[in-house]
$ cat input39.pdb   # PDB, C-alpha atoms, pLDDT in the B column
ATOM      1  CA  MET A   1      -5.964 -48.633  44.852  1.00 51.00           C
ATOM      2  CA  ASP A   2      -9.052 -48.643  47.053  1.00 50.00           C
ATOM      3  CA  LEU A   3      -7.364 -46.132  49.304  1.00 48.00           C
ATOM      4  CA  ILE A   4      -6.536 -43.922  46.307  1.00 46.00           C
ATOM      5  CA  LYS A   5     -10.110 -44.118  45.032  1.00 48.00           C
ATOM      6  CA  HIS A   6     -11.396 -43.329  48.482  1.00 48.00           C
ATOM      7  CA  TYR A   7      -9.076 -40.319  48.745  1.00 45.00           C
ATOM      8  CA  CYS A   8     -10.020 -39.031  45.270  1.00 50.00           C
ATOM      9  CA  GLY A   9     -13.661 -39.463  46.055  1.00 50.00           C
ATOM     10  CA  ASP A  10     -13.339 -37.430  49.236  1.00 53.00           C
ATOM     11  CA  SER A  11     -11.402 -34.764  47.349  1.00 48.00           C
ATOM     12  CA  ASP A  12     -14.136 -34.455  44.701  1.00 52.00           C
ATOM     13  CA  ASP A  13     -16.758 -34.094  47.395  1.00 51.00           C
ATOM     14  CA  GLU A  14     -14.806 -31.369  49.127  1.00 51.00           C
ATOM     15  CA  HIS A  15     -14.514 -29.378  45.863  1.00 51.00           C
ATOM     16  CA  ASP A  16     -18.071 -29.634  44.713  1.00 55.00           C
ATOM     17  CA  ASP A  17     -18.868 -26.986  42.076  1.00 53.00           C
ATOM     18  CA  SER A  18     -21.612 -25.552  44.238  1.00 51.00           C
ATOM     19  CA  GLU A  19     -19.128 -24.771  47.012  1.00 56.00           C
ATOM     20  CA  ARG A  20     -16.330 -23.363  44.854  1.00 61.00           C
ATOM     21  CA  LYS A  21     -15.508 -19.669  45.290  1.00 64.00           C
ATOM     22  CA  VAL A  22     -14.154 -17.379  42.587  1.00 65.00           C
ATOM     23  CA  LEU A  23     -11.013 -15.646  43.778  1.00 68.00           C
ATOM     24  CA  PRO A  24     -11.051 -11.849  43.378  1.00 71.00           C
ATOM     25  CA  VAL A  25      -8.851 -10.302  40.676  1.00 64.00           C
ATOM     26  CA  PRO A  26      -5.776  -8.668  42.307  1.00 66.00           C
ATOM     27  CA  GLU A  27      -6.122  -4.889  42.459  1.00 65.00           C
ATOM     28  CA  ALA A  28      -2.841  -4.354  40.557  1.00 57.00           C
ATOM     29  CA  ILE A  29      -4.218  -6.365  37.626  1.00 57.00           C
ATOM     30  CA  ALA A  30      -7.718  -4.888  37.725  1.00 59.00           C
ATOM     31  CA  SER A  31      -6.314  -1.333  37.647  1.00 57.00           C
ATOM     32  CA  MET A  32      -4.745  -2.056  34.249  1.00 57.00           C
ATOM     33  CA  PHE A  33      -8.265  -2.486  32.849  1.00 55.00           C
ATOM     34  CA  ASP A  34     -10.116   0.344  34.628  1.00 56.00           C
ATOM     35  CA  GLY A  35     -11.394  -2.104  37.238  1.00 52.00           C
ATOM     36  CA  ARG A  36     -13.426  -4.022  34.692  1.00 53.00           C
ATOM     37  CA  LEU A  37     -13.070  -7.790  34.447  1.00 49.00           C
ATOM     38  CA  TYR A  38     -13.870  -7.917  30.757  1.00 50.00           C
ATOM     39  CA  HIS A  39     -13.142  -5.563  27.890  1.00 50.00           C
ATOM     40  CA  PRO A  40     -14.712  -6.323  24.518  1.00 56.00           C
ATOM     41  CA  LYS A  41     -12.219  -6.112  21.668  1.00 56.00           C
ATOM     42  CA  PRO A  42     -12.536  -2.689  19.986  1.00 57.00           C
ATOM     43  CA  LYS A  43     -13.708  -2.655  16.390  1.00 59.00           C
ATOM     44  CA  ASP A  44     -12.003  -0.646  13.689  1.00 55.00           C
ATOM     45  CA  GLU A  45     -14.696   1.888  12.786  1.00 59.00           C
ATOM     46  CA  PRO A  46     -13.269   4.434  10.301  1.00 52.00           C
ATOM     47  CA  ASP A  47     -16.578   6.319  10.193  1.00 54.00           C
ATOM     48  CA  SER A  48     -16.034   7.270  13.837  1.00 51.00           C
ATOM     49  CA  HIS A  49     -12.544   8.622  13.116  1.00 44.00           C
ATOM     50  CA  GLN A  50     -13.027  10.822  10.024  1.00 51.00           C
ATOM     51  CA  GLY A  51     -12.501   7.791   7.773  1.00 56.00           C
ATOM     52  CA  ARG A  52      -9.113   6.879   9.213  1.00 52.00           C
ATOM     53  CA  SER A  53      -8.165   3.202   9.533  1.00 54.00           C
ATOM     54  CA  ARG A  54      -5.769   1.623  12.009  1.00 54.00           C
ATOM     55  CA  LEU A  55      -2.279   0.807  10.742  1.00 58.00           C
ATOM     56  CA  PHE A  56      -2.258  -2.217  13.062  1.00 55.00           C
ATOM     57  CA  GLU A  57      -4.962  -4.175  14.873  1.00 62.00           C
ATOM     58  CA  HIS A  58      -5.828  -3.075  18.387  1.00 60.00           C
ATOM     59  CA  GLU A  59      -5.094  -5.622  21.108  1.00 72.00           C
ATOM     60  CA  ARG A  60      -5.473  -5.281  24.862  1.00 76.00           C
ATOM     61  CA  GLY A  61      -2.176  -4.540  26.586  1.00 83.00           C
ATOM     62  CA  ASN A  62      -0.606  -3.074  23.422  1.00 92.00           C
ATOM     63  CA  TRP A  63      -0.140   0.690  23.372  1.00 95.00           C
ATOM     64  CA  ALA A  64       0.501   2.808  20.277  1.00 96.00           C
ATOM     65  CA  THR A  65       3.680   4.762  21.024  1.00 97.00           C
ATOM     66  CA  TYR A  66       5.787   7.443  19.333  1.00 98.00           C
ATOM     67  CA  VAL A  67       8.326  10.154  20.219  1.00 98.00           C
ATOM     68  CA  TYR A  68       8.068  13.651  18.792  1.00 98.00           C
ATOM     69  CA  ILE A  69       8.835  17.360  19.070  1.00 98.00           C
ATOM     70  CA  PRO A  70       5.713  19.327  20.071  1.00 98.00           C
ATOM     71  CA  CYS A  71       4.928  22.528  18.194  1.00 97.00           C
ATOM     72  CA  PRO A  72       3.306  25.488  19.947  1.00 96.00           C
ATOM     73  CA  ASP A  73       0.838  27.832  18.264  1.00 96.00           C
ATOM     74  CA  MET A  74       2.577  29.664  15.406  1.00 97.00           C
ATOM     75  CA  ASP A  75       1.384  32.265  12.902  1.00 96.00           C
ATOM     76  CA  LEU A  76       3.146  30.308  10.162  1.00 96.00           C
ATOM     77  CA  VAL A  77       1.034  27.212  10.800  1.00 97.00           C
ATOM     78  CA  GLU A  78      -2.203  29.158  11.268  1.00 95.00           C
ATOM     79  CA  ILE A  79      -1.814  31.008   7.960  1.00 94.00           C
ATOM     80  CA  VAL A  80      -1.418  27.791   5.977  1.00 95.00           C
ATOM     81  CA  GLN A  81      -4.127  25.916   7.857  1.00 95.00           C
ATOM     82  CA  ASP A  82      -6.638  28.684   7.130  1.00 93.00           C
ATOM     83  CA  GLN A  83      -5.975  28.222   3.414  1.00 91.00           C
ATOM     84  CA  LEU A  84      -6.064  24.422   3.565  1.00 93.00           C
ATOM     85  CA  THR A  85      -9.534  24.354   5.090  1.00 91.00           C
ATOM     86  CA  GLU A  86     -10.766  26.001   1.892  1.00 88.00           C
ATOM     87  CA  PHE A  87      -9.339  23.030  -0.045  1.00 88.00           C
ATOM     88  CA  GLY A  88     -11.354  20.616   2.111  1.00 89.00           C
ATOM     89  CA  LEU A  89      -8.431  19.236   4.149  1.00 95.00           C
ATOM     90  CA  GLU A  90      -8.673  18.279   7.812  1.00 97.00           C
ATOM     91  CA  ILE A  91      -6.584  20.447  10.150  1.00 97.00           C
ATOM     92  CA  ILE A  92      -4.115  18.831  12.566  1.00 97.00           C
ATOM     93  CA  LYS A  93      -4.897  20.476  15.904  1.00 95.00           C
ATOM     94  CA  HIS A  94      -1.600  19.645  17.602  1.00 95.00           C
ATOM     95  CA  PRO A  95       1.158  19.569  14.944  1.00 97.00           C
ATOM     96  CA  HIS A  96       4.426  17.853  15.819  1.00 98.00           C
ATOM     97  CA  ILE A  97       7.685  16.631  14.311  1.00 98.00           C
ATOM     98  CA  SER A  98       7.886  12.826  14.476  1.00 98.00           C
ATOM     99  CA  LEU A  99      11.171  11.246  15.522  1.00 98.00           C
ATOM    100  CA  THR A 100       9.963   7.623  15.551  1.00 98.00           C
ATOM    101  CA  LYS A 101       7.352   5.623  13.726  1.00 96.00           C
ATOM    102  CA  THR A 102       4.214   4.746  15.662  1.00 95.00           C
ATOM    103  CA  VAL A 103       5.122   1.423  17.263  1.00 96.00           C
ATOM    104  CA  VAL A 104       3.295  -1.075  19.466  1.00 96.00           C
ATOM    105  CA  LEU A 105       4.586  -1.221  23.030  1.00 96.00           C
ATOM    106  CA  GLN A 106       3.295  -3.716  25.580  1.00 94.00           C
ATOM    107  CA  TYR A 107       1.905  -2.193  28.766  1.00 94.00           C
ATOM    108  CA  HIS A 108       4.410  -3.786  31.135  1.00 94.00           C
ATOM    109  CA  TRP A 109       7.337  -2.355  29.134  1.00 96.00           C
ATOM    110  CA  ILE A 110       6.155   1.275  29.168  1.00 97.00           C
ATOM    111  CA  GLN A 111       7.939   2.562  32.273  1.00 97.00           C
ATOM    112  CA  ARG A 112      11.197   0.834  31.403  1.00 98.00           C
ATOM    113  CA  PHE A 113      10.962   2.148  27.829  1.00 98.00           C
ATOM    114  CA  ILE A 114      10.394   5.706  29.093  1.00 98.00           C
ATOM    115  CA  ASN A 115      13.378   5.417  31.422  1.00 98.00           C
ATOM    116  CA  ASP A 116      15.580   4.154  28.585  1.00 98.00           C
ATOM    117  CA  VAL A 117      14.500   6.990  26.284  1.00 98.00           C
ATOM    118  CA  LYS A 118      15.151   9.541  29.016  1.00 98.00           C
ATOM    119  CA  SER A 119      18.640   8.140  29.530  1.00 98.00           C
ATOM    120  CA  LYS A 120      19.492   8.221  25.819  1.00 97.00           C
ATOM    121  CA  LEU A 121      18.229  11.767  25.343  1.00 97.00           C
ATOM    122  CA  SER A 122      20.124  13.090  28.375  1.00 96.00           C
ATOM    123  CA  THR A 123      23.102  14.013  26.162  1.00 94.00           C
ATOM    124  CA  ILE A 124      21.064  15.995  23.623  1.00 97.00           C
ATOM    125  CA  LEU A 125      21.439  19.774  23.895  1.00 97.00           C
ATOM    126  CA  ARG A 126      18.626  22.211  23.207  1.00 98.00           C
ATOM    127  CA  PHE A 127      18.509  23.300  19.594  1.00 98.00           C
ATOM    128  CA  THR A 128      16.617  25.389  17.060  1.00 98.00           C
ATOM    129  CA  VAL A 129      14.842  24.105  13.950  1.00 98.00           C
ATOM    130  CA  THR A 130      13.693  26.044  10.903  1.00 98.00           C
ATOM    131  CA  PHE A 131      10.579  25.357   8.834  1.00 98.00           C
ATOM    132  CA  GLY A 132      11.315  25.361   5.118  1.00 97.00           C
ATOM    133  CA  ASP A 133       9.135  24.776   2.058  1.00 95.00           C
ATOM    134  CA  LEU A 134       5.777  23.068   2.096  1.00 96.00           C
ATOM    135  CA  GLU A 135       5.771  19.454   0.935  1.00 97.00           C
ATOM    136  CA  VAL A 136       3.267  16.643   0.368  1.00 97.00           C
ATOM    137  CA  PHE A 137       3.627  13.297   2.164  1.00 96.00           C
ATOM    138  CA  CYS A 138       1.755   9.979   2.159  1.00 94.00           C
ATOM    139  CA  ASN A 139       1.660   7.514   5.034  1.00 91.00           C
ATOM    140  CA  GLU A 140       3.048   4.003   4.567  1.00 88.00           C
ATOM    141  CA  ASN A 141      -0.139   2.386   3.252  1.00 90.00           C
ATOM    142  CA  CYS A 142      -1.160   5.498   1.241  1.00 92.00           C
ATOM    143  CA  SER A 143      -4.446   5.719   3.150  1.00 94.00           C
ATOM    144  CA  ARG A 144      -3.832   9.389   3.967  1.00 96.00           C
ATOM    145  CA  THR A 145      -2.021  12.354   2.418  1.00 97.00           C
ATOM    146  CA  PHE A 146      -0.468  15.172   4.451  1.00 97.00           C
ATOM    147  CA  ILE A 147       0.783  18.679   3.792  1.00 97.00           C
ATOM    148  CA  GLY A 148       3.568  19.934   6.010  1.00 97.00           C
ATOM    149  CA  PHE A 149       6.715  22.022   6.303  1.00 98.00           C
ATOM    150  CA  LEU A 150      10.128  20.471   5.787  1.00 98.00           C
ATOM    151  CA  VAL A 151      12.251  20.876   8.937  1.00 98.00           C
ATOM    152  CA  HIS A 152      15.962  21.738   9.103  1.00 97.00           C
ATOM    153  CA  PRO A 153      18.715  21.094  10.042  1.00 97.00           C
ATOM    154  CA  ALA A 154      18.546  17.341   9.545  1.00 97.00           C
ATOM    155  CA  GLY A 155      21.782  16.754  11.463  1.00 97.00           C
ATOM    156  CA  VAL A 156      20.536  17.444  14.970  1.00 97.00           C
ATOM    157  CA  LEU A 157      17.224  15.685  14.277  1.00 98.00           C
ATOM    158  CA  SER A 158      19.117  12.622  13.018  1.00 98.00           C
ATOM    159  CA  GLN A 159      21.118  12.679  16.235  1.00 97.00           C
ATOM    160  CA  CYS A 160      17.876  12.376  18.185  1.00 98.00           C
ATOM    161  CA  VAL A 161      16.651   9.603  15.898  1.00 98.00           C
ATOM    162  CA  ASP A 162      19.899   7.646  16.316  1.00 98.00           C
ATOM    163  CA  GLN A 163      19.510   7.648  20.100  1.00 98.00           C
ATOM    164  CA  LEU A 164      15.862   6.635  19.861  1.00 98.00           C
ATOM    165  CA  ASP A 165      16.611   3.903  17.311  1.00 98.00           C
ATOM    166  CA  THR A 166      19.002   2.341  19.822  1.00 98.00           C
ATOM    167  CA  VAL A 167      16.191   2.062  22.358  1.00 98.00           C
ATOM    168  CA  LEU A 168      13.718   0.745  19.778  1.00 98.00           C
ATOM    169  CA  SER A 169      16.180  -1.979  18.765  1.00 98.00           C
ATOM    170  CA  ASP A 170      16.424  -3.146  22.382  1.00 97.00           C
ATOM    171  CA  TYR A 171      12.676  -3.787  22.306  1.00 97.00           C
ATOM    172  CA  ASN A 172      12.696  -5.348  18.811  1.00 97.00           C
ATOM    173  CA  LEU A 173      10.650  -2.417  17.493  1.00 97.00           C
ATOM    174  CA  PRO A 174      11.078  -0.916  14.011  1.00 97.00           C
ATOM    175  CA  LYS A 175      13.523   1.962  13.637  1.00 97.00           C
ATOM    176  CA  TYR A 176      12.703   5.261  11.961  1.00 98.00           C
ATOM    177  CA  TYR A 177      12.933   5.635   8.194  1.00 95.00           C
ATOM    178  CA  GLU A 178      16.307   5.062   6.509  1.00 93.00           C
ATOM    179  CA  ASP A 179      16.510   8.493   4.874  1.00 92.00           C
ATOM    180  CA  PRO A 180      13.799  10.550   6.588  1.00 95.00           C
ATOM    181  CA  LYS A 181      12.340  13.853   5.462  1.00 96.00           C
ATOM    182  CA  PHE A 182      11.728  15.568   8.770  1.00 98.00           C
ATOM    183  CA  HIS A 183       8.547  17.577   8.612  1.00 98.00           C
ATOM    184  CA  LEU A 184       5.727  19.251  10.509  1.00 98.00           C
ATOM    185  CA  SER A 185       2.381  18.088   9.138  1.00 97.00           C
ATOM    186  CA  VAL A 186      -0.408  20.661   9.426  1.00 97.00           C
ATOM    187  CA  ALA A 187      -3.326  19.092   7.501  1.00 97.00           C
ATOM    188  CA  TRP A 188      -4.447  15.817   5.918  1.00 97.00           C
ATOM    189  CA  CYS A 189      -7.001  14.143   3.668  1.00 96.00           C
ATOM    190  CA  LEU A 190      -8.012  10.553   2.909  1.00 96.00           C
ATOM    191  CA  GLY A 191      -6.340   8.521   0.158  1.00 95.00           C
ATOM    192  CA  ASP A 192      -3.338   9.347  -2.007  1.00 95.00           C
ATOM    193  CA  GLN A 193      -4.015  12.908  -3.167  1.00 94.00           C
ATOM    194  CA  SER A 194      -0.354  13.845  -3.536  1.00 94.00           C
ATOM    195  CA  THR A 195      -0.508  14.790  -7.232  1.00 93.00           C
ATOM    196  CA  GLN A 196      -3.493  17.104  -6.798  1.00 92.00           C
ATOM    197  CA  LEU A 197      -2.137  18.761  -3.657  1.00 94.00           C
ATOM    198  CA  ARG A 198       1.317  19.475  -5.086  1.00 94.00           C
ATOM    199  CA  THR A 199      -0.290  21.838  -7.593  1.00 92.00           C
ATOM    200  CA  LYS A 200      -1.536  23.973  -4.691  1.00 89.00           C
ATOM    201  CA  LEU A 201       1.773  24.351  -2.839  1.00 91.00           C
ATOM    202  CA  LYS A 202       2.962  27.400  -4.800  1.00 88.00           C
ATOM    203  CA  SER A 203      -0.164  29.403  -4.030  1.00 89.00           C
ATOM    204  CA  LEU A 204       0.067  28.428  -0.364  1.00 91.00           C
ATOM    205  CA  GLU A 205       3.658  29.677  -0.122  1.00 90.00           C
ATOM    206  CA  LEU A 206       2.588  33.045  -1.589  1.00 90.00           C
ATOM    207  CA  GLU A 207       0.185  33.521   1.326  1.00 89.00           C
ATOM    208  CA  ILE A 208       3.070  33.504   3.823  1.00 93.00           C
ATOM    209  CA  GLU A 209       4.581  36.910   4.585  1.00 92.00           C
ATOM    210  CA  VAL A 210       8.346  37.164   4.190  1.00 89.00           C
ATOM    211  CA  ASP A 211       8.854  38.217   7.814  1.00 93.00           C
ATOM    212  CA  THR A 212       6.736  35.400   9.307  1.00 95.00           C
ATOM    213  CA  CYS A 213       8.746  33.503  11.932  1.00 97.00           C
ATOM    214  CA  ARG A 214       9.862  30.086  10.677  1.00 97.00           C
ATOM    215  CA  SER A 215      12.023  28.982  13.622  1.00 98.00           C
ATOM    216  CA  LEU A 216      11.284  26.951  16.754  1.00 98.00           C
ATOM    217  CA  ARG A 217      13.454  26.581  19.838  1.00 98.00           C
ATOM    218  CA  VAL A 218      13.348  22.936  20.965  1.00 98.00           C
ATOM    219  CA  ASP A 219      13.855  22.465  24.689  1.00 98.00           C
ATOM    220  CA  LYS A 220      12.008  19.186  25.131  1.00 98.00           C
ATOM    221  CA  LEU A 221      10.874  16.026  23.349  1.00 98.00           C
ATOM    222  CA  MET A 222       7.724  14.106  24.189  1.00 98.00           C
ATOM    223  CA  CYS A 223       6.465  10.534  24.036  1.00 98.00           C
ATOM    224  CA  LYS A 224       2.810   9.605  23.670  1.00 98.00           C
ATOM    225  CA  THR A 225       1.914   6.038  24.562  1.00 97.00           C
ATOM    226  CA  GLY A 226      -1.782   5.208  24.618  1.00 94.00           C
ATOM    227  CA  ASN A 227      -3.411   8.063  26.533  1.00 93.00           C
ATOM    228  CA  LYS A 228      -0.276   8.986  28.483  1.00 96.00           C
ATOM    229  CA  LYS A 229       2.317  11.655  27.662  1.00 98.00           C
ATOM    230  CA  TYR A 230       5.887  11.974  28.948  1.00 98.00           C
ATOM    231  CA  ASN A 231       8.268  14.956  28.715  1.00 98.00           C
ATOM    232  CA  PHE A 232      12.008  14.729  28.143  1.00 98.00           C
ATOM    233  CA  ASP A 233      13.705  18.027  28.940  1.00 97.00           C
ATOM    234  CA  LEU A 234      16.862  18.731  26.954  1.00 97.00           C
ATOM    235  CA  VAL A 235      19.965  20.192  28.611  1.00 93.00           C
TER     236      VAL A 235
END
$ encode --input "input39.pdb" --output "structure tokens"
Amino acid sequence: MDLIKHYCGDSDDEHDDSERKVLPVPEAIASMFDGRLYHPKPKDEPDSHQGRSRLFEHERGNWATYVYIPCPDMDLVEIVQDQLTEFGLEIIKHPHISLTKTVVLQYHWIQRFINDVKSKLSTILRFTVTFGDLEVFCNENCSRTFIGFLVHPAGVLSQCVDQLDTVLSDYNLPKYYEDPKFHLSVAWCLGDQSTQLRTKLKSLELEIEVDTCRSLRVDKLMCKTGNKKYNFDLV
């Protein structure tokens, strides 16, 4: 026992707090956090985001992720957006057609997830969608109301969703809606304003010229995860 005590005593002396050195954070880890050793937890501040609230709490290492069809500039969208600004709605600068819900993906799964999505979408052929009537939508917690165009045909869009749902299931992430109404949202407002906005749809439709193009050729899908974007070219 004396020998053990003597050994422990020597060990304590050798590791005196004053002589201890802090090991540097490995570069691969530090790069995940912009080189900073500490990131304060972000606060949900709706006033800084036009009154919008997070659907889920922000945590370091978790990235908000969704897959969608991007929409280029179109006269159809511009005509309606010009009218909606007069109603006090906020314009969506980069409209898109969602094919997944916004899900939380952990940082270390991102590249594998992207590879899996790319593999699943490799069998999808390029296709054309048509924008139909205007419709009003609410998000899941009714914190925001949207106006957008219904998108057809549902068959080819459902085919994309089925492939993406398979990937989401592998990561224990929620699938897309059971019976989705595919749409292209062009403007939004806070709260559930669906009843009031539906009364304005008829007048909005009358502003659209009969010969205005309502079709979009889809040759790629995209995924946004955090501040990164990935393209998936269709065949």
$ closest_atom_pairs --input "input39.pdb" --of "stretch 82-160 of chain A" --to "stretch 166-184 of chain A" --cutoff "10 Å" --atoms "only C-alpha atoms" --output "tab-separated table"
residue	atom	partner	partner_atom	distance
A:Pro95	CA	A:Leu184	CA	6.4
A:His96	CA	A:Leu184	CA	5.6
A:Ile97	CA	A:Leu184	CA	5.0
A:Ser98	CA	A:Phe182	CA	7.4
A:Leu99	CA	A:Tyr176	CA	7.1
A:Thr100	CA	A:Tyr176	CA	5.1
A:Lys101	CA	A:Tyr176	CA	5.6
A:Thr102	CA	A:Pro174	CA	9.0
A:Val103	CA	A:Leu173	CA	6.7
A:Val104	CA	A:Leu173	CA	7.7
A:Leu105	CA	A:Leu173	CA	8.3
A:Gln106	CA	A:Tyr171	CA	9.9
A:Trp109	CA	A:Tyr171	CA	8.8
A:Phe113	CA	A:Val167	CA	7.6
A:Ile114	CA	A:Val167	CA	9.6
A:Asp116	CA	A:Val167	CA	6.6
A:Val117	CA	A:Val167	CA	6.5
A:Ser119	CA	A:Val167	CA	9.7
A:Lys120	CA	A:Val167	CA	7.8
A:Phe131	CA	A:Leu184	CA	8.0
A:Gly132	CA	A:His183	CA	9.0
A:Asp133	CA	A:His183	CA	9.8
A:Leu134	CA	A:His183	CA	9.0
A:Glu135	CA	A:His183	CA	8.4
A:Val136	CA	A:His183	CA	9.8
A:Phe137	CA	A:His183	CA	9.2
A:Phe146	CA	A:Leu184	CA	9.6
A:Ile147	CA	A:Leu184	CA	8.4
A:Gly148	CA	A:Leu184	CA	5.0
A:Phe149	CA	A:Leu184	CA	5.1
A:Leu150	CA	A:His183	CA	4.3
A:Val151	CA	A:His183	CA	5.0
A:His152	CA	A:Phe182	CA	7.5
A:Pro153	CA	A:Phe182	CA	9.0
A:Ala154	CA	A:Phe182	CA	7.1
A:Leu157	CA	A:Phe182	CA	7.8
A:Ser158	CA	A:Pro180	CA	8.6
$ resolve_selection --input "input39.pdb" --expression "the PyMOL selection byres ((chain A and resi 81-85) around 12)" --output "mmCIF file with C-alpha atoms, in the coordinates of the input"
data_model
loop_
_atom_site.group_PDB
_atom_site.id
_atom_site.type_symbol
_atom_site.label_atom_id
_atom_site.label_comp_id
_atom_site.auth_asym_id
_atom_site.auth_seq_id
_atom_site.Cartn_x
_atom_site.Cartn_y
_atom_site.Cartn_z
ATOM 1 C CA ASP A 73 0.838 27.832 18.264
ATOM 2 C CA MET A 74 2.577 29.664 15.406
ATOM 3 C CA ASP A 75 1.384 32.265 12.902
ATOM 4 C CA LEU A 76 3.146 30.308 10.162
ATOM 5 C CA VAL A 77 1.034 27.212 10.800
ATOM 6 C CA GLU A 78 -2.203 29.158 11.268
ATOM 7 C CA ILE A 79 -1.814 31.008 7.960
ATOM 8 C CA VAL A 80 -1.418 27.791 5.977
ATOM 9 C CA GLU A 86 -10.766 26.001 1.892
ATOM 10 C CA PHE A 87 -9.339 23.030 -0.045
ATOM 11 C CA GLY A 88 -11.354 20.616 2.111
ATOM 12 C CA LEU A 89 -8.431 19.236 4.149
ATOM 13 C CA GLU A 90 -8.673 18.279 7.812
ATOM 14 C CA ILE A 91 -6.584 20.447 10.150
ATOM 15 C CA ILE A 92 -4.115 18.831 12.566
ATOM 16 C CA LYS A 93 -4.897 20.476 15.904
ATOM 17 C CA HIS A 94 -1.600 19.645 17.602
ATOM 18 C CA PRO A 95 1.158 19.569 14.944
ATOM 19 C CA LEU A 134 5.777 23.068 2.096
ATOM 20 C CA PHE A 146 -0.468 15.172 4.451
ATOM 21 C CA ILE A 147 0.783 18.679 3.792
ATOM 22 C CA GLY A 148 3.568 19.934 6.010
ATOM 23 C CA PHE A 149 6.715 22.022 6.303
ATOM 24 C CA SER A 185 2.381 18.088 9.138
ATOM 25 C CA VAL A 186 -0.408 20.661 9.426
ATOM 26 C CA ALA A 187 -3.326 19.092 7.501
ATOM 27 C CA TRP A 188 -4.447 15.817 5.918
ATOM 28 C CA CYS A 189 -7.001 14.143 3.668
ATOM 29 C CA LEU A 197 -2.137 18.761 -3.657
ATOM 30 C CA LYS A 200 -1.536 23.973 -4.691
ATOM 31 C CA LEU A 201 1.773 24.351 -2.839
ATOM 32 C CA SER A 203 -0.164 29.403 -4.030
ATOM 33 C CA LEU A 204 0.067 28.428 -0.364
ATOM 34 C CA GLU A 205 3.658 29.677 -0.122
ATOM 35 C CA LEU A 206 2.588 33.045 -1.589
ATOM 36 C CA GLU A 207 0.185 33.521 1.326
ATOM 37 C CA ILE A 208 3.070 33.504 3.823
#
$ closest_residue --input "input39.pdb" --among "A:Lys220, A:Ile124, A:Glu209, A:Gly61" --to "A:Asp162" --atoms "all atoms listed in the file"
A:Ile124
$ residues_around --input "input39.pdb" --residues "A:Asp219" --least-positions-apart "3" --cutoff "7 Å" --atoms "only C-alpha atoms" --output "list in words"
Arg126, Phe127, Asp233 and Leu234 of chain A
$ atom_distance --input "input39.pdb" --atom1 "atom CA of A:Leu164" --atom2 "atom CA of A:Leu125"
14.8 Å
$ closest_residue --input "input39.pdb" --among "A:Leu121, A:Ile110, A:Val210, A:Cys142" --to "A:Gln163" --atoms "only C-alpha atoms"
A:Leu121
$ resolve_selection --input "input39.pdb" --expression "the PyMOL selection byres ((chain A and resi 128) around 7)" --output "ChimeraX atom specification"
/A:127,129-130,215-218
$ atom_distance --input "input39.pdb" --atom1 "atom CA of A:Gln159" --atom2 "atom CA of A:Met222"
15.6 Å
$ residues_around --input "input39.pdb" --residues "A:Lys229" --least-positions-apart "2" --cutoff "12 Å" --atoms "all atoms listed in the file" --output "PyMOL selection string"
chain A and resi 64-68+70+110-111+114+221-227+231-232
$ atom_distance --input "input39.pdb" --atom1 "atom CA of A:Tyr230" --atom2 "atom CA of A:Cys71"
15.1 Å
$ axis_aligned_box --input "input39.pdb" --around "stretch 138-147 of chain A" --padding-each-side "5 Å" --output "AutoDock Vina command-line options"
--center_x -0.7 --center_y 10.5 --center_z 3.1 --size_x 17.5 --size_y 26.3 --size_z 13.8
$ resolve_selection --input "input39.pdb" --expression "the PyMOL selection byres ((chain A and resi 191) around 10)" --output "JSON, numbers by chain"
{"A": [51, 52, 138, 139, 141, 142, 143, 144, 145, 146, 188, 189, 190, 192, 193, 194]}
